[in-house]
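Chemist: Have a look at the structure that comes next, please.
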Amino acid sequence: MSQPWAAFTDHISLAVRLTPNGGRDAIDGVDTDAEGKSHLKARVTAVPEKGKANKALIALVAKSLGVAKSSISLASGDTSRKKTLRIEGDPEDLIRKLSALVES
């Protein structure tokens with residue numbers, strides 16, 4: 001299975017499928033869509049209005065990876081379930097943390 005991230009020189013790009021109002025804040029592993037593209041499955045308790053679910057997603061990913069919320073931004077998918085996050089930092093370190101997160 002391919003991974004839901006792509007490494008660049010100073011950041012990674014992470015594909016996410018978000019379920020807002022999901023009962024709990026959690027990362028539920030990696031899944032593949034009908035087009036064969038991988039994405040990280042995440043759910044948050046926040047409702048999808050006024051960017052609340054997006055902010056909760058950024059907080060969840062930041063806490064899970066041990067990075068500052070300010071190092072994560074929404075690159076695309078503001079109002080969509082499928083989103084792309086840009087995570088600033090050392091790509092090797094971030095990928096190692098993501099790999100450990102999705103394998104646990």
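Residue numbers start at 1 in each chain; chains themselves are named A, B, ... in the order of the structure tokens; ligands are numbered from 1 in the order shown.
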So that I can check the surroundings of A:Lys63, please list as a short mmCIF file (atom, residue, chain, number, x, y, z; two decimals) with N, CA, C and O atoms, in the first residue's frame every protein, DNA and RNA residue that reaches within 12 Å of it, counting only C-alpha atoms and ignoring chain neighbours fewer than 3 positions away.

Modeler:
```cif
data_model
loop_
_atom_site.label_atom_id
_atom_site.label_comp_id
_atom_site.auth_asym_id
_atom_site.auth_seq_id
_atom_site.Cartn_x
_atom_site.Cartn_y
_atom_site.Cartn_z
N ASP A 25 -11.86 12.16 19.20
CA ASP A 25 -10.72 12.62 18.40
C ASP A 25 -9.75 11.47 18.29
O ASP A 25 -9.21 11.00 19.30
N ALA A 26 -9.54 10.98 17.07
CA ALA A 26 -8.66 9.83 16.89
C ALA A 26 -8.16 9.73 15.46
O ALA A 26 -8.80 10.21 14.52
N ILE A 27 -7.01 9.09 15.33
CA ILE A 27 -6.49 8.73 14.02
C ILE A 27 -6.73 7.24 13.87
O ILE A 27 -6.35 6.45 14.73
N ALA A 56 -9.65 21.36 14.79
CA ALA A 56 -9.52 20.16 15.64
C ALA A 56 -8.61 19.13 14.98
O ALA A 56 -7.83 18.47 15.66
N LEU A 57 -8.69 19.00 13.65
CA LEU A 57 -7.81 18.08 12.93
C LEU A 57 -6.35 18.50 13.09
O LEU A 57 -5.49 17.67 13.38
N ILE A 58 -6.08 19.77 12.91
CA ILE A 58 -4.70 20.28 13.05
C ILE A 58 -4.20 20.03 14.47
O ILE A 58 -3.07 19.59 14.66
N ALA A 59 -5.04 20.28 15.47
CA ALA A 59 -4.65 20.04 16.86
C ALA A 59 -4.37 18.55 17.10
O ALA A 59 -3.40 18.20 17.78
N LEU A 60 -5.21 17.68 16.54
CA LEU A 60 -5.04 16.24 16.70
C LEU A 60 -3.73 15.76 16.08
O LEU A 60 -2.96 15.02 16.69
N GLY A 66 3.70 15.35 17.95
CA GLY A 66 4.56 16.10 18.85
C GLY A 66 5.17 17.32 18.21
O GLY A 66 6.33 17.66 18.45
N VAL A 67 4.39 18.00 17.36
CA VAL A 67 4.86 19.23 16.72
C VAL A 67 3.91 20.37 17.09
O VAL A 67 2.80 20.15 17.57
N ALA A 68 4.35 21.59 16.86
CA ALA A 68 3.52 22.75 17.15
C ALA A 68 2.38 22.86 16.15
O ALA A 68 2.55 22.55 14.97
N LYS A 69 1.22 23.31 16.63
CA LYS A 69 0.08 23.50 15.73
C LYS A 69 0.41 24.50 14.63
O LYS A 69 -0.07 24.38 13.52
N SER A 70 1.28 25.46 14.95
CA SER A 70 1.64 26.50 13.98
C SER A 70 2.45 25.94 12.81
O SER A 70 2.56 26.59 11.77
N SER A 71 3.00 24.73 12.96
CA SER A 71 3.78 24.13 11.87
C SER A 71 2.90 23.36 10.89
O SER A 71 3.38 22.84 9.89
N ILE A 72 1.59 23.30 11.17
CA ILE A 72 0.66 22.57 10.30
C ILE A 72 -0.33 23.55 9.69
O ILE A 72 -0.92 24.37 10.40
N LYS A 97 7.70 9.47 12.58
CA LYS A 97 6.62 9.60 13.56
C LYS A 97 5.28 9.14 12.99
O LYS A 97 4.51 8.46 13.66
N LEU A 98 5.02 9.52 11.74
CA LEU A 98 3.76 9.09 11.09
C LEU A 98 3.72 7.58 10.92
O LEU A 98 2.68 6.96 11.16
N LEU A 101 2.91 6.03 14.12
CA LEU A 101 1.52 6.34 14.49
C LEU A 101 0.52 5.42 13.77
O LEU A 101 -0.40 4.89 14.38
#
```

Chemist: Please give the complete set of residues from chain A that DSSP, run on the backbone, assigns to alpha helix (DSSP H), formatted as a list in words.

Modeler: Lys52, Ala53, Asn54, Lys55, Ala56, Leu57, Ile58, Ala59, Leu60, Val61, Ala62, Lys63, Ser64, Leu65, Pro91, Glu92, Asp93, Leu94, Ile95, Arg96, Lys97, Leu98, Ser99, Ala100, Leu101, Val102 and Glu103 of chain A

Chemist: Choose the residue, out of A:Val47, A:Ala100, A:Ala42, A:Leu94, that has the smallest atom-to-atom separation from A:Asp28; count only C-alpha atoms.

Modeler: A:Ala42

Chemist: A:Lys82: which residues within 10 Å, counting only C-alpha atoms, same-chain residues fewer than 6 positions away excluded, as an mmCIF file with C-alpha atoms, in the first residue's frame?

Modeler:
```cif
data_model
loop_
_atom_site.group_PDB
_atom_site.id
_atom_site.type_symbol
_atom_site.label_atom_id
_atom_site.label_comp_id
_atom_site.auth_asym_id
_atom_site.auth_seq_id
_atom_site.Cartn_x
_atom_site.Cartn_y
_atom_site.Cartn_z
ATOM 1 C CA ALA A 15 -3.530 13.381 2.609
ATOM 2 C CA VAL A 16 -6.328 13.046 5.184
ATOM 3 C CA ARG A 17 -9.954 11.933 5.102
ATOM 4 C CA LEU A 18 -11.692 13.651 7.997
ATOM 5 C CA THR A 19 -14.892 12.566 9.706
ATOM 6 C CA HIS A 39 -5.069 8.798 3.031
ATOM 7 C CA LEU A 40 -4.883 9.006 6.789
ATOM 8 C CA LYS A 41 -8.290 8.412 8.380
ATOM 9 C CA SER A 76 -6.408 22.102 0.357
#
```

Chemist: Output as an NGL selection string all residues of chain A that backbone DSSP marks as strand (DSSP E).

Modeler: :A and (5-7 or 11-19 or 26-32 or 38-43 or 72-76 or 82-88)

Chemist: Rank A:Thr84, A:Asn54, A:Thr45, A:Ser64 by their smallest atom-to-atom distance to A:Asn21, using only C-alpha atoms, and report the top residue only.

Modeler: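 Ranking A:Thr84, A:Asn54, A:Thr45, A:Ser64 by distance to A:Asn21, first place goes to A:Thr45.
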
Chemist: From the options A:Glu92, A:Glu103, A:Lys52, A:Lys83, which residue's atoms come nearest to A:Ala6, counting only C-alpha atoms?

Modeler: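 Checking each of A:Glu92, A:Glu103, A:Lys52, A:Lys83 against A:Ala6, counting only C-alpha atoms, the winner is A:Glu92.
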